[in-house]
Amino acid sequence: MTLQQLKYIVAIDRYRNFAKAADACGISQPTLSAMLVKLEEELDVRIFERNNKSVQPTASGEQIIRQAERTLSEADRITWLVSEEKGKVGGELSLSVGPTIAPYILPKFIKHYVEDFPQVTLSVKELKADAMLSDLLLGHLDAGIAISGNAQPGVLEIPLYTERFMVYLSENCWRKLPVFHPKNLEHEKMWVMKEAQCLRESAFSFCKAKTKGRHIYEAGSIETLIRIVDENGGFTIIPEMHLPFLSDRQRENVRPIEGDYLSQRRVSLYIRQDYIRQAMLGSITNTLLRFMPKDMMEERIVKYGIKL
């Protein structure tokens, strides 16, 4: 049994297709199939049930694959330890960014990261929190960027930045109300996203208690909400980093939230608790610091970076 064989069965499990797994491993499909058969014969167990239509791990195969993932992760740690000791940043970085965050940070993040760290093979995908946490624990991701408050056993949460929310009013609202206060709009139309604009522990209370206001529509994106408000009246909540996406005329419809209402969201970096690639994490935060407003970033990150 070799580490290479373990990589092959992990790839087969991930893609559930021999051709795709072979391509990902940089070998031919016949070679991949032969290596799998050799490992199954050595272990005297069938790892995958396969036919012309599907590839599925057996019950024993599931356990073998999970152990293979752990073994490969531990083997990788040897290389990482050496790189960390030398202060090098290289290899692969698999990163997840939440869908409600990605539009605001990904374009510039990718641009700056590939410029500053060309020796790193960067892979980024958008995942919701549950999928991100699952992939982190399975070792399929190095790190994830998502709304704070999603940590679970085995996962470490590192606060990155805090973003204010603003109110976007239709023109017939803002002309009457130069200062926004939630109680003034109880009877207006409030338009919110399906996931409550990620305001799990923030924003004014009636975002949670959807009983106030004459109408609440659950949309899928901030851009959609803004267009709905422009056409139908009422108001919505937008993150501070959406302001550059607005036209000059639309920016006149934006108001800060007045009163004793918490109206912000915190964004965190998530890693497995046993993650050791501090230099790699530093490459993420250093890239964010290239373009993020300094007053939004966590003070510890700005001053000291990440210390594991």
# chains A, B, ... in the order shown; residues from 1 in each chain; ligands from 1
call {"tool": "residues_around", "arguments": {"residues": "Ile147 in chain A", "least_positions_apart": "6", "cutoff": "10 Å", "atoms": "only C-alpha atoms", "output": "PyMOL selection string"}}
result
chain A and resi 97-98+100-101+128-129+159-162+198-200+265-270
call {"tool": "residues_around", "arguments": {"residues": "Val45 in chain A", "least_positions_apart": "6", "cutoff": "10 Å", "atoms": "only C-alpha atoms", "output": "VMD selection string"}}
result
chain A and resid 37 39 58 60 to 61 64
call {"tool": "closest_atom_pairs", "arguments": {"of": "range 39-110 of chain A", "to": "range 283-294 of chain A", "cutoff": "9 Å", "atoms": "only C-alpha atoms", "output": "Markdown table"}}
result
| residue | atom | partner | partner_atom | distance |
| --- | --- | --- | --- | --- |
| A:Val89 | CA | A:Ser283 | CA | 7.6 |
| A:Ile105 | CA | A:Leu288 | CA | 8.0 |
| A:Lys108 | CA | A:Phe291 | CA | 7.2 |
| A:Phe109 | CA | A:Thr287 | CA | 6.3 |
| A:Ile110 | CA | A:Thr287 | CA | 8.8 |
call {"tool": "residues_around", "arguments": {"residues": "Ile226 in chain A", "least_positions_apart": "3", "cutoff": "12 Å", "atoms": "only C-alpha atoms", "output": "ChimeraX atom specification"}}
result
/A:167-171,190-193,219-223,229-239,242-243,245-247,250-251,253-254
call {"tool": "select_by_dssp", "arguments": {"residues": "range 1-60 of chain A", "states": "helix (DSSP H, G or I)", "output": "count of residues only"}}
result
38
call {"tool": "residues_around", "arguments": {"residues": "Pro256 in chain A", "least_positions_apart": "2", "cutoff": "8 Å", "atoms": "only C-alpha atoms", "output": "ChimeraX atom specification"}}
result
/A:165-167,179-180,254,258
call {"tool": "closest_residue", "arguments": {"among": "A:Lys307, A:Arg66, A:Arg46, A:Arg272", "to": "Glu157 in chain A", "atoms": "only C-alpha atoms"}}
result
A:Arg272
call {"tool": "select_by_dssp", "arguments": {"residues": "range 17-143 of chain A", "states": "strand (DSSP E)", "output": "PyMOL selection string"}}
result
chain A and resi 48-50+55-57+91-97+120-126+143
call {"tool": "write_last_selection", "arguments": {"atoms": "N, CA and C atoms", "output": "tab-separated table (two decimals), in the first residue's frame"}}
result
chain	number	residue	atom	x	y	z
A	48	PHE	N	-14.77	-0.24	-4.02
A	48	PHE	CA	-15.84	0.38	-4.81
A	48	PHE	C	-16.66	-0.66	-5.55
A	49	GLU	N	-17.96	-0.43	-5.59
A	49	GLU	CA	-18.83	-1.16	-6.50
A	49	GLU	C	-18.92	-0.32	-7.76
A	50	ARG	N	-18.59	-0.90	-8.88
A	50	ARG	CA	-18.63	-0.12	-10.12
A	50	ARG	C	-19.30	-0.90	-11.25
A	55	VAL	N	-20.17	4.59	-9.82
A	55	VAL	CA	-19.08	4.14	-8.96
A	55	VAL	C	-19.47	4.53	-7.54
A	56	GLN	N	-19.62	3.55	-6.66
A	56	GLN	CA	-20.03	3.81	-5.30
A	56	GLN	C	-19.15	3.03	-4.33
A	57	PRO	N	-18.69	3.67	-3.25
A	57	PRO	CA	-17.89	2.93	-2.27
A	57	PRO	C	-18.74	1.91	-1.51
A	91	GLY	N	2.51	25.61	-2.84
A	91	GLY	CA	1.63	24.45	-2.89
A	91	GLY	C	0.23	24.85	-3.31
A	92	GLU	N	-0.75	24.18	-2.75
A	92	GLU	CA	-2.14	24.41	-3.12
A	92	GLU	C	-2.91	25.08	-1.98
A	93	LEU	N	-3.82	25.96	-2.35
A	93	LEU	CA	-4.72	26.59	-1.39
A	93	LEU	C	-6.14	26.43	-1.90
A	94	SER	N	-6.93	25.68	-1.16
A	94	SER	CA	-8.35	25.48	-1.49
A	94	SER	C	-9.18	26.31	-0.53
A	95	LEU	N	-9.88	27.29	-1.07
A	95	LEU	CA	-10.59	28.28	-0.25
A	95	LEU	C	-12.06	28.33	-0.63
A	96	SER	N	-12.90	28.46	0.38
A	96	SER	CA	-14.34	28.63	0.17
A	96	SER	C	-14.75	30.02	0.64
A	97	VAL	N	-15.67	30.65	-0.11
A	97	VAL	CA	-16.20	31.96	0.27
A	97	VAL	C	-17.73	31.89	0.19
A	120	VAL	N	1.57	29.70	-5.52
A	120	VAL	CA	0.45	28.96	-4.91
A	120	VAL	C	-0.60	28.67	-5.97
A	121	THR	N	-1.05	27.43	-6.00
A	121	THR	CA	-2.16	27.06	-6.88
A	121	THR	C	-3.45	27.32	-6.13
A	122	LEU	N	-4.15	28.38	-6.52
A	122	LEU	CA	-5.34	28.82	-5.80
A	122	LEU	C	-6.60	28.21	-6.41
A	123	SER	N	-7.43	27.66	-5.55
A	123	SER	CA	-8.73	27.12	-5.97
A	123	SER	C	-9.79	27.71	-5.05
A	124	VAL	N	-10.79	28.38	-5.63
A	124	VAL	CA	-11.83	29.05	-4.85
A	124	VAL	C	-13.20	28.59	-5.31
A	125	LYS	N	-14.09	28.33	-4.35
A	125	LYS	CA	-15.47	28.00	-4.70
A	125	LYS	C	-16.40	28.63	-3.69
A	126	GLU	N	-17.61	28.91	-4.14
A	126	GLU	CA	-18.63	29.47	-3.27
A	126	GLU	C	-19.41	28.33	-2.61
A	143	ALA	N	-9.37	26.46	4.01
A	143	ALA	CA	-9.99	27.51	4.80
A	143	ALA	C	-11.29	27.96	4.14
call {"tool": "residues_around", "arguments": {"residues": "range 137-140 of chain A", "least_positions_apart": "5", "cutoff": "12 Å", "atoms": "only C-alpha atoms", "output": "ChimeraX atom specification"}}
result
/A:10-11,14,65-74,76-77,92-96,123-125,130-132,151-156,270-275
